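Coordinates as given in start-v4.pdb (PDB, C-alpha atoms and all ligand atoms):
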ATOM      1  CA  MET A1237      88.879 111.031 120.860  1.00  0.00           C
ATOM      2  CA  ASN A1238      86.300 109.591 123.147  1.00  0.00           C
ATOM      3  CA  GLY A1239      86.807 108.665 126.756  1.00  0.00           C
ATOM      4  CA  LYS A1240      88.437 105.411 127.742  1.00  0.00           C
ATOM      5  CA  SER A1241      85.117 103.860 128.637  1.00  0.00           C
ATOM      6  CA  ASP A1242      83.927 104.099 125.031  1.00  0.00           C
ATOM      7  CA  ILE A1243      86.625 101.792 123.714  1.00  0.00           C
ATOM      8  CA  PRO A1244      85.298  98.212 123.413  1.00  0.00           C
ATOM      9  CA  ASP A1245      86.733  95.790 125.967  1.00  0.00           C
ATOM     10  CA  ALA A1246      88.187  93.465 123.314  1.00  0.00           C
ATOM     11  CA  LEU A1247      90.078  96.330 121.697  1.00  0.00           C
ATOM     12  CA  ARG A1248      91.212  97.639 125.084  1.00  0.00           C
ATOM     13  CA  GLU A1249      92.561  94.228 126.086  1.00  0.00           C
ATOM     14  CA  PHE A1250      94.346  93.794 122.733  1.00  0.00           C
ATOM     15  CA  THR A1251      95.948  97.243 122.819  1.00  0.00           C
ATOM     16  CA  ASP A1252      97.106  96.767 126.427  1.00  0.00           C
ATOM     17  CA  ARG A1253      98.972  93.598 125.428  1.00  0.00           C
ATOM     18  CA  LEU A1254     100.331  95.222 122.291  1.00  0.00           C
ATOM     19  CA  ARG A1255     101.718  98.212 124.205  1.00  0.00           C
ATOM     20  CA  LEU A1256     103.514  95.923 126.648  1.00  0.00           C
ATOM     21  CA  GLY A1257     105.068  93.968 123.795  1.00  0.00           C
ATOM     22  CA  LEU A1258     106.110  96.995 121.771  1.00  0.00           C
ATOM     23  CA  LYS A1259     107.866  98.446 124.796  1.00  0.00           C
ATOM     24  CA  GLY A1260     110.316  95.546 124.598  1.00  0.00           C
ATOM     25  CA  CYS A1261     111.134  96.165 120.913  1.00  0.00           C
ATOM     26  CA  THR A1262     114.042  98.251 119.706  1.00  0.00           C
ATOM     27  CA  SER A1263     113.336  98.766 115.990  1.00  0.00           C
ATOM     28  CA  ALA A1264     110.452  99.287 113.584  1.00  0.00           C
ATOM     29  CA  LEU A1265     110.992  95.808 112.150  1.00  0.00           C
ATOM     30  CA  SER A1266     110.996  94.159 115.566  1.00  0.00           C
ATOM     31  CA  MET A1267     107.706  95.913 116.414  1.00  0.00           C
ATOM     32  CA  VAL A1268     106.195  94.613 113.182  1.00  0.00           C
ATOM     33  CA  GLN A1269     107.480  91.127 113.983  1.00  0.00           C
ATOM     34  CA  PHE A1270     105.933  91.259 117.451  1.00  0.00           C
ATOM     35  CA  LEU A1271     102.561  92.435 116.167  1.00  0.00           C
ATOM     36  CA  ARG A1272     102.058  90.277 113.073  1.00  0.00           C
ATOM     37  CA  PRO A1273     101.445  86.916 114.839  1.00  0.00           C
ATOM     38  CA  MET A1274      98.786  88.427 117.139  1.00  0.00           C
ATOM     39  CA  PHE A1275      97.158  90.662 114.518  1.00  0.00           C
ATOM     40  CA  SER A1276      94.502  88.131 113.473  1.00  0.00           C
ATOM     41  CA  GLU A1277      93.146  88.055 117.046  1.00  0.00           C
ATOM     42  CA  LEU A1278      91.918  91.551 116.209  1.00  0.00           C
ATOM     43  CA  SER A1279      91.174  91.316 112.494  1.00  0.00           C
ATOM     44  CA  LEU A1280      89.134  88.097 112.885  1.00  0.00           C
ATOM     45  CA  ASN A1281      86.987  89.533 115.704  1.00  0.00           C
ATOM     46  CA  THR A1282      83.986  90.083 113.464  1.00  0.00           C
ATOM     47  CA  ALA A1283      81.650  90.702 116.428  1.00  0.00           C
ATOM     48  CA  LEU A1284      83.802  93.663 117.478  1.00  0.00           C
ATOM     49  CA  PHE A1285      83.845  95.188 114.002  1.00  0.00           C
ATOM     50  CA  ARG A1286      80.144  94.557 113.460  1.00  0.00           C
ATOM     51  CA  ASP A1287      79.458  96.543 116.650  1.00  0.00           C
ATOM     52  CA  ILE A1288      81.798  99.341 115.508  1.00  0.00           C
ATOM     53  CA  LEU A1289      80.138  99.551 112.077  1.00  0.00           C
ATOM     54  CA  ARG A1290      76.682  99.604 113.678  1.00  0.00           C
ATOM     55  CA  SER A1291      77.794 102.437 115.939  1.00  0.00           C
ATOM     56  CA  ILE A1292      79.151 104.437 112.987  1.00  0.00           C
ATOM     57  CA  GLU A1293      75.967 103.822 111.018  1.00  0.00           C
ATOM     58  CA  GLY A1294      73.827 104.871 113.968  1.00  0.00           C
ATOM     59  CA  GLY A1295      75.850 107.957 114.908  1.00  0.00           C
ATOM     60  CA  GLY A1296      77.079 106.529 118.214  1.00  0.00           C
ATOM     61  CA  PRO A1297      79.771 108.220 120.297  1.00  0.00           C
ATOM     62  CA  TYR A1298      82.434 105.594 119.484  1.00  0.00           C
ATOM     63  CA  PRO A1299      84.345 105.737 117.256  1.00  0.00           C
ATOM     64  CA  ASP A1300      84.563 109.492 116.766  1.00  0.00           C
ATOM     65  CA  ILE A1301      84.249 109.807 112.975  1.00  0.00           C
ATOM     66  CA  SER A1302      84.929 113.556 113.162  1.00  0.00           C
ATOM     67  CA  TYR A1303      88.478 112.919 114.362  1.00  0.00           C
ATOM     68  CA  PRO A1304      90.879 114.168 111.629  1.00  0.00           C
ATOM     69  CA  THR A1305      92.390 111.553 109.305  1.00  0.00           C
ATOM     70  CA  MET A1306      94.436 111.549 106.109  1.00  0.00           C
ATOM     71  CA  PHE A1307      91.887 109.624 104.024  1.00  0.00           C
ATOM     72  CA  ASP A1308      88.119 109.913 104.027  1.00  0.00           C
ATOM     73  CA  SER A1309      87.844 106.113 104.166  1.00  0.00           C
ATOM     74  CA  GLU A1310      89.681 106.123 107.516  1.00  0.00           C
ATOM     75  CA  VAL A1311      88.398 106.112 111.128  1.00  0.00           C
ATOM     76  CA  ILE A1312      90.603 106.221 114.235  1.00  0.00           C
ATOM     77  CA  LEU A1313      89.673 103.405 116.624  1.00  0.00           C
ATOM     78  CA  PHE A1314      92.403 103.899 119.213  1.00  0.00           C
ATOM     79  CA  ASN A1315      95.173 106.366 119.983  1.00  0.00           C
ATOM     80  CA  ASP A1316      97.688 104.842 122.362  1.00  0.00           C
ATOM     81  CA  PRO A1317      98.129 107.237 125.299  1.00  0.00           C
ATOM     82  CA  GLU A1318     101.881 106.618 125.196  1.00  0.00           C
ATOM     83  CA  ARG A1319     101.956 107.242 121.420  1.00  0.00           C
ATOM     84  CA  PHE A1320     103.343 103.813 120.603  1.00  0.00           C
ATOM     85  CA  PHE A1321     100.684 103.139 117.958  1.00  0.00           C
ATOM     86  CA  THR A1322      97.230 103.907 116.577  1.00  0.00           C
ATOM     87  CA  VAL A1323      94.513 101.513 115.434  1.00  0.00           C
ATOM     88  CA  ARG A1324      92.574 102.580 112.352  1.00  0.00           C
ATOM     89  CA  LEU A1325      89.606 101.257 110.435  1.00  0.00           C
ATOM     90  CA  PHE A1326      89.390 101.676 106.661  1.00  0.00           C
ATOM     91  CA  ILE A1327      86.127 101.159 104.820  1.00  0.00           C
ATOM     92  CA  TRP A1328      86.670 100.641 101.102  1.00  0.00           C
ATOM     93  CA  GLY A1329      83.792 101.082  98.687  1.00  0.00           C
ATOM     94  CA  PRO A1330      83.490  98.779  95.643  1.00  0.00           C
ATOM     95  CA  GLY A1331      86.552  99.136  93.413  1.00  0.00           C
ATOM     96  CA  GLN A1332      88.031 101.913  95.586  1.00  0.00           C
ATOM     97  CA  TYR A1333      91.852 102.258  95.739  1.00  0.00           C
ATOM     98  CA  ASP A1334      94.079 104.814  97.419  1.00  0.00           C
ATOM     99  CA  PRO A1335      96.829 106.553  95.433  1.00  0.00           C
ATOM    100  CA  VAL A1336     100.336 105.073  95.598  1.00  0.00           C
ATOM    101  CA  HIS A1337     101.804 106.517  98.815  1.00  0.00           C
ATOM    102  CA  ASP A1338     104.433 106.158 101.521  1.00  0.00           C
ATOM    103  CA  HIS A1339     104.055 106.181 105.331  1.00  0.00           C
ATOM    104  CA  SER A1340     105.642 108.090 108.195  1.00  0.00           C
ATOM    105  CA  SER A1341     105.756 104.965 110.383  1.00  0.00           C
ATOM    106  CA  TRP A1342     105.696 101.197 110.350  1.00  0.00           C
ATOM    107  CA  GLY A1343     102.312  99.591 109.896  1.00  0.00           C
ATOM    108  CA  VAL A1344     100.586  96.195 109.928  1.00  0.00           C
ATOM    109  CA  ILE A1345      97.475  95.965 107.774  1.00  0.00           C
ATOM    110  CA  GLY A1346      94.851  93.315 107.095  1.00  0.00           C
ATOM    111  CA  PRO A1347      91.266  92.888 105.949  1.00  0.00           C
ATOM    112  CA  VAL A1348      88.407  92.185 108.356  1.00  0.00           C
ATOM    113  CA  SER A1349      85.865  91.407 105.639  1.00  0.00           C
ATOM    114  CA  GLY A1350      86.553  90.824 101.951  1.00  0.00           C
ATOM    115  CA  ASP A1351      89.883  90.599 100.168  1.00  0.00           C
ATOM    116  CA  LEU A1352      92.367  93.451  99.931  1.00  0.00           C
ATOM    117  CA  ASP A1353      94.610  94.200  96.944  1.00  0.00           C
ATOM    118  CA  VAL A1354      98.166  95.354  97.692  1.00  0.00           C
ATOM    119  CA  VAL A1355     100.754  96.590  95.178  1.00  0.00           C
ATOM    120  CA  ASN A1356     104.255  97.307  96.515  1.00  0.00           C
ATOM    121  CA  TYR A1357     106.871  99.593  94.985  1.00  0.00           C
ATOM    122  CA  GLU A1358     110.449 100.654  95.538  1.00  0.00           C
ATOM    123  CA  ARG A1359     111.806 104.068  94.686  1.00  0.00           C
ATOM    124  CA  VAL A1360     114.803 103.846  92.349  1.00  0.00           C
ATOM    125  CA  ASP A1361     115.698 107.509  91.602  1.00  0.00           C
ATOM    126  CA  ASP A1362     118.086 109.552  93.741  1.00  0.00           C
ATOM    127  CA  GLY A1363     115.377 111.923  95.023  1.00  0.00           C
ATOM    128  CA  LYS A1364     117.309 115.034  94.034  1.00  0.00           C
ATOM    129  CA  LYS A1365     114.825 116.453  91.510  1.00  0.00           C
ATOM    130  CA  ALA A1366     111.822 118.107  93.189  1.00  0.00           C
ATOM    131  CA  GLY A1367     108.514 116.549  92.238  1.00  0.00           C
ATOM    132  CA  HIS A1368     110.222 113.693  90.384  1.00  0.00           C
ATOM    133  CA  ALA A1369     110.251 110.061  91.485  1.00  0.00           C
ATOM    134  CA  VAL A1370     110.783 106.795  89.657  1.00  0.00           C
ATOM    135  CA  LEU A1371     109.099 103.737  91.147  1.00  0.00           C
ATOM    136  CA  ARG A1372     109.503 100.071  90.326  1.00  0.00           C
ATOM    137  CA  GLU A1373     106.758  97.607  91.172  1.00  0.00           C
ATOM    138  CA  THR A1374     108.134  94.890  93.447  1.00  0.00           C
ATOM    139  CA  GLY A1375     105.095  92.702  93.865  1.00  0.00           C
ATOM    140  CA  ARG A1376     101.364  92.462  94.204  1.00  0.00           C
ATOM    141  CA  MET A1377      99.095  90.264  96.257  1.00  0.00           C
ATOM    142  CA  THR A1378      95.524  89.846  97.378  1.00  0.00           C
ATOM    143  CA  ILE A1379      95.098  89.058 101.059  1.00  0.00           C
ATOM    144  CA  SER A1380      92.118  87.644 102.934  1.00  0.00           C
ATOM    145  CA  PRO A1381      90.838  88.005 106.516  1.00  0.00           C
ATOM    146  CA  GLY A1382      93.319  86.364 108.908  1.00  0.00           C
ATOM    147  CA  GLU A1383      96.277  87.463 106.772  1.00  0.00           C
ATOM    148  CA  ASN A1384      98.271  90.671 107.114  1.00  0.00           C
ATOM    149  CA  TYR A1385     101.185  92.494 105.550  1.00  0.00           C
ATOM    150  CA  TYR A1386     103.396  95.334 106.700  1.00  0.00           C
ATOM    151  CA  VAL A1387     105.025  98.577 105.665  1.00  0.00           C
ATOM    152  CA  LEU A1388     108.123 100.293 107.011  1.00  0.00           C
ATOM    153  CA  PRO A1389     108.583 104.080 107.161  1.00  0.00           C
ATOM    154  CA  LEU A1390     109.172 106.259 104.073  1.00  0.00           C
ATOM    155  CA  HIS A1391     110.765 104.400 101.144  1.00  0.00           C
ATOM    156  CA  GLY A1392     110.296 101.112 103.026  1.00  0.00           C
ATOM    157  CA  GLY A1393     106.539 101.197 102.600  1.00  0.00           C
ATOM    158  CA  ILE A1394     105.478 102.614  99.242  1.00  0.00           C
ATOM    159  CA  HIS A1395     102.295 100.872  98.191  1.00  0.00           C
ATOM    160  CA  LYS A1396      98.785 101.066  96.873  1.00  0.00           C
ATOM    161  CA  THR A1397      95.878  99.226  98.473  1.00  0.00           C
ATOM    162  CA  GLY A1398      92.249  98.840  97.638  1.00  0.00           C
ATOM    163  CA  ASN A1399      89.182  96.775  97.107  1.00  0.00           C
ATOM    164  CA  PRO A1400      89.015  94.653  93.966  1.00  0.00           C
ATOM    165  CA  SER A1401      85.445  93.516  94.634  1.00  0.00           C
ATOM    166  CA  GLY A1402      81.973  94.875  94.020  1.00  0.00           C
ATOM    167  CA  GLU A1403      81.199  94.912  97.766  1.00  0.00           C
ATOM    168  CA  THR A1404      82.216  97.348 100.502  1.00  0.00           C
ATOM    169  CA  ILE A1405      85.005  95.849 102.603  1.00  0.00           C
ATOM    170  CA  VAL A1406      86.645  96.616 105.945  1.00  0.00           C
ATOM    171  CA  GLN A1407      90.344  96.749 106.829  1.00  0.00           C
ATOM    172  CA  VAL A1408      92.104  97.332 110.122  1.00  0.00           C
ATOM    173  CA  SER A1409      95.582  98.884 110.347  1.00  0.00           C
ATOM    174  CA  ILE A1410      97.945  99.475 113.230  1.00  0.00           C
ATOM    175  CA  TYR A1411     100.584 102.160 112.696  1.00  0.00           C
ATOM    176  CA  GLY A1412     103.565 102.936 114.880  1.00  0.00           C
ATOM    177  CA  ARG A1413     104.859 106.268 116.070  1.00  0.00           C
ATOM    178  CA  PRO A1414     105.973 108.422 113.097  1.00  0.00           C
ATOM    179  CA  THR A1415     109.724 108.410 112.552  1.00  0.00           C
ATOM    180  CA  VAL A1416     109.640 111.775 110.780  1.00  0.00           C
ATOM    181  CA  LYS A1417     107.844 114.971 111.700  1.00  0.00           C
ATOM    182  CA  ARG A1418     105.809 116.018 108.677  1.00  0.00           C
ATOM    183  CA  ASP A1419     102.197 116.995 108.056  1.00  0.00           C
ATOM    184  CA  PHE A1420     101.853 115.060 104.803  1.00  0.00           C
ATOM    185  CA  ILE A1421     102.616 111.746 103.173  1.00  0.00           C
ATOM    186  CA  ASN A1422     104.083 111.382  99.702  1.00  0.00           C
ATOM    187  CA  GLY A1423     101.753 110.417  96.880  1.00  0.00           C
ATOM    188  CA  TYR A1424     103.212 109.006  93.673  1.00  0.00           C
ATOM    189  CA  ASP A1425     102.142 108.770  90.068  1.00  0.00           C
ATOM    190  CA  PRO A1426     104.338 105.910  88.788  1.00  0.00           C
ATOM    191  CA  ASP A1427     103.233 106.409  85.170  1.00  0.00           C
ATOM    192  CA  GLN A1428     104.213 110.093  85.118  1.00  0.00           C
ATOM    193  CA  ASN A1429     107.258 109.695  87.441  1.00  0.00           C
ATOM    194  CA  ARG A1430     105.754 112.258  89.788  1.00  0.00           C
ATOM    195  CA  VAL A1431     105.796 112.671  93.594  1.00  0.00           C
ATOM    196  CA  PHE A1432     103.471 115.077  95.388  1.00  0.00           C
ATOM    197  CA  PRO A1433     102.413 115.758  98.983  1.00  0.00           C
ATOM    198  CA  ILE A1434      99.075 114.445 100.237  1.00  0.00           C
ATOM    199  CA  TYR A1435      97.765 116.530 103.122  1.00  0.00           C
ATOM    200  CA  ALA A1436      95.020 115.709 105.572  1.00  0.00           C
ATOM    201  CA  PRO A1437      91.918 117.820 104.841  1.00  0.00           C
ATOM    202  CA  LYS A1438      92.487 120.116 107.841  1.00  0.00           C
ATOM    203  CA  THR A1439      96.095 120.857 106.804  1.00  0.00           C
ATOM    204  CA  LYS A1440      95.064 121.304 103.185  1.00  0.00           C
ATOM    205  CA  LYS A1441      92.544 123.990 104.191  1.00  0.00           C
ATOM    206  CA  LYS A1442      95.245 125.862 106.117  1.00  0.00           C
ATOM    207  CA  ILE A1443      97.612 125.756 103.123  1.00  0.00           C
ATOM    208  CA  LEU A1444      94.884 126.937 100.757  1.00  0.00           C
ATOM    209  CA  ALA A1445      94.005 129.779 103.147  1.00  0.00           C
ATOM    210  CA  ALA A1446      97.666 130.833 103.266  1.00  0.00           C
ATOM    211  CA  ASP A1447      97.857 130.738  99.445  1.00  0.00           C
ATOM    212  CA  ALA A1448      94.673 132.796  99.197  1.00  0.00           C
ATOM    213  CA  LEU A1449      96.037 135.352 101.652  1.00  0.00           C
ATOM    214  CA  ARG A1450      99.136 135.779  99.499  1.00  0.00           C
ATOM    215  CA  HIS A1451      96.845 136.510  96.565  1.00  0.00           C
ATOM    216  CA  PHE A1452      94.881 138.982  98.729  1.00  0.00           C
ATOM    217  CA  ASP A1453      98.089 140.782  99.580  1.00  0.00           C
ATOM    218  CA  ARG A1454      99.007 141.219  95.912  1.00  0.00           C
ATOM    219  CA  THR A1455      95.635 142.731  94.946  1.00  0.00           C
TER     220      THR A1455
HETATM  221 FE    FE A1501      99.100 102.769 103.111  1.00  0.00          FE
END
Final structure tokens representation of the file:
Amino acid sequence: MNGKSDIPDALREFTDRLRLGLKGCTSALSMVQFLRPMFSELSLNTALFRDILRSIEGGGPYPDISYPTMFDSEVILFNDPERFFTVRLFIWGPGQYDPVHDHSSWGVIGPVSGDLDVVNYERVDDGKKAGHAVLRETGRMTISPGENYYVLPLHGGIHKTGNPSGETIVQVSIYGRPTVKRDFINGYDPDQNRVFPIYAPKTKKKILAADALRHFDRT
């Protein structure tokens, strides 16, 4: 991550207030409830996000697009030094959706430009059969800049999001501290009743290297 001085003042001021507020919260839901009313102060700051996009386009030092992320559409904008939360930018190409997935933490999510599709699910199987999961769709919505929605950790936040339009759109997300220690999130295929781990690219390379080494050792 870049030095403190690289973080735009508006984002710095917002995250300072957010940290103070989150410190007074005692549960994931109460953190979400604190953040949601102030979220649009950030997501509607188009001047801030225009500057960030220009910096990415021009190869500027902030934000650091080489910082590891789970999805290639994702850029870390801020890592709270006390680990209360992270702020992330997602840039969705036309018609791009992520796979159905869960989260390791709470999160509040909203579009900066364009509308964002959200499909929510609940898991209804008992989780005892490896690789097997049955999901039930619980709702879908399309949200616009100024609006936000939230996820809770693990089964409390299984969803799919994406861009229904023909334009590239921008989303900002704030995620809390993970409640579980794991180096993956769960991906789901609701049509095939399948659950599978999704690893960040760096972790995936390590796992593939370990698998390849096992093959080396057998030959
Ligand atoms: Fe998500």
One decimal place gives the atom CA of Gly1331 of chain A-atom CA of Thr1378 of chain A separation as 13.5 Å
Please measure the separation of atom CA of Met1274 of chain A and atom CA of Val1354 of chain A, giving the value in Å to one decimal. 20.7 Å
Using only C-alpha atoms: which of A:Arg1253, A:Arg1290, A:Arg1324, A:Lys1438 has the shortest distance to Phe1420 of chain A: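 Ranked by minimum distance to Phe1420 of chain A, first place goes to A:Lys1438.
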Under the rule of at most 8 Å, produce a per-residue listing of chain A near ligand FE 1501 (chain A): chain, number, name, the closest pair of atoms, and the distance in Å, as a Markdown table, using all atoms listed in the file.
| residue | atom | partner | partner_atom | distance |
| --- | --- | --- | --- | --- |
| A:Asp1334 | CA | A:FE1501 | FE | 7.9 |
| A:Val1336 | CA | A:FE1501 | FE | 8.0 |
| A:His1337 | CA | A:FE1501 | FE | 6.3 |
| A:Asp1338 | CA | A:FE1501 | FE | 6.5 |
| A:His1339 | CA | A:FE1501 | FE | 6.4 |
| A:Val1387 | CA | A:FE1501 | FE | 7.7 |
| A:Gly1393 | CA | A:FE1501 | FE | 7.6 |
| A:Ile1394 | CA | A:FE1501 | FE | 7.5 |
| A:His1395 | CA | A:FE1501 | FE | 6.2 |
| A:Lys1396 | CA | A:FE1501 | FE | 6.5 |
| A:Thr1397 | CA | A:FE1501 | FE | 6.7 |
Given only C-alpha atoms as the basis, pick out the residue of A:Met1306, A:Ala1436, A:Leu1313, A:Leu1271 nearest to Asn1384 of chain A.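 Ranking A:Met1306, A:Ala1436, A:Leu1313, A:Leu1271 by distance to Asn1384 of chain A, first place goes to A:Leu1271.
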Hey, what comes out of the PyMOL selection byres (((chain A and resi 1410-1414) around 7) and not hetatm) on this file? Could you write it as a list in words?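 Answer for the PyMOL selection byres (((chain A and resi 1410-1414) around 7) and not hetatm): Arg1319, Phe1320, Phe1321, Thr1322, Val1323, Arg1324, Ser1340, Ser1341, Trp1342, Gly1343, Val1344, Ile1345, Val1408, Ser1409, Thr1415, Val1416 and Lys1417 of chain A.
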Please produce a file of those selected residues containing C-alpha atoms, as a PDB file, in the frame of the given file.
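Wrote again-v8.pdb, looks like this:
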ATOM      1  CA  ARG A1319     101.956 107.242 121.420  1.00  0.00           C
ATOM      2  CA  PHE A1320     103.343 103.813 120.603  1.00  0.00           C
ATOM      3  CA  PHE A1321     100.684 103.139 117.958  1.00  0.00           C
ATOM      4  CA  THR A1322      97.230 103.907 116.577  1.00  0.00           C
ATOM      5  CA  VAL A1323      94.513 101.513 115.434  1.00  0.00           C
ATOM      6  CA  ARG A1324      92.574 102.580 112.352  1.00  0.00           C
ATOM      7  CA  SER A1340     105.642 108.090 108.195  1.00  0.00           C
ATOM      8  CA  SER A1341     105.756 104.965 110.383  1.00  0.00           C
ATOM      9  CA  TRP A1342     105.696 101.197 110.350  1.00  0.00           C
ATOM     10  CA  GLY A1343     102.312  99.591 109.896  1.00  0.00           C
ATOM     11  CA  VAL A1344     100.586  96.195 109.928  1.00  0.00           C
ATOM     12  CA  ILE A1345      97.475  95.965 107.774  1.00  0.00           C
ATOM     13  CA  VAL A1408      92.104  97.332 110.122  1.00  0.00           C
ATOM     14  CA  SER A1409      95.582  98.884 110.347  1.00  0.00           C
ATOM     15  CA  THR A1415     109.724 108.410 112.552  1.00  0.00           C
ATOM     16  CA  VAL A1416     109.640 111.775 110.780  1.00  0.00           C
ATOM     17  CA  LYS A1417     107.844 114.971 111.700  1.00  0.00           C
TER      18      LYS A1417
END
I'd like the box whose edges run along x, y and z of the file and which contains every listed atom of segment 1438-1441 of chain A, padded by 8 Å per side; could you state its centre and edge lengths in Å, one decimal, as lines of an AutoDock Vina configuration file?
center_x = 94.3
center_y = 122.1
center_z = 105.5
size_x = 19.6
size_y = 19.9
size_z = 20.7
Quick one: of A:Asn1422, A:Gly1329, A:Ser1266, A:Ser1291, who's nearest to Ser1401 of chain A, counting only C-alpha atoms?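 Answer, going by the shortest atom-to-atom distance: A:Gly1329.
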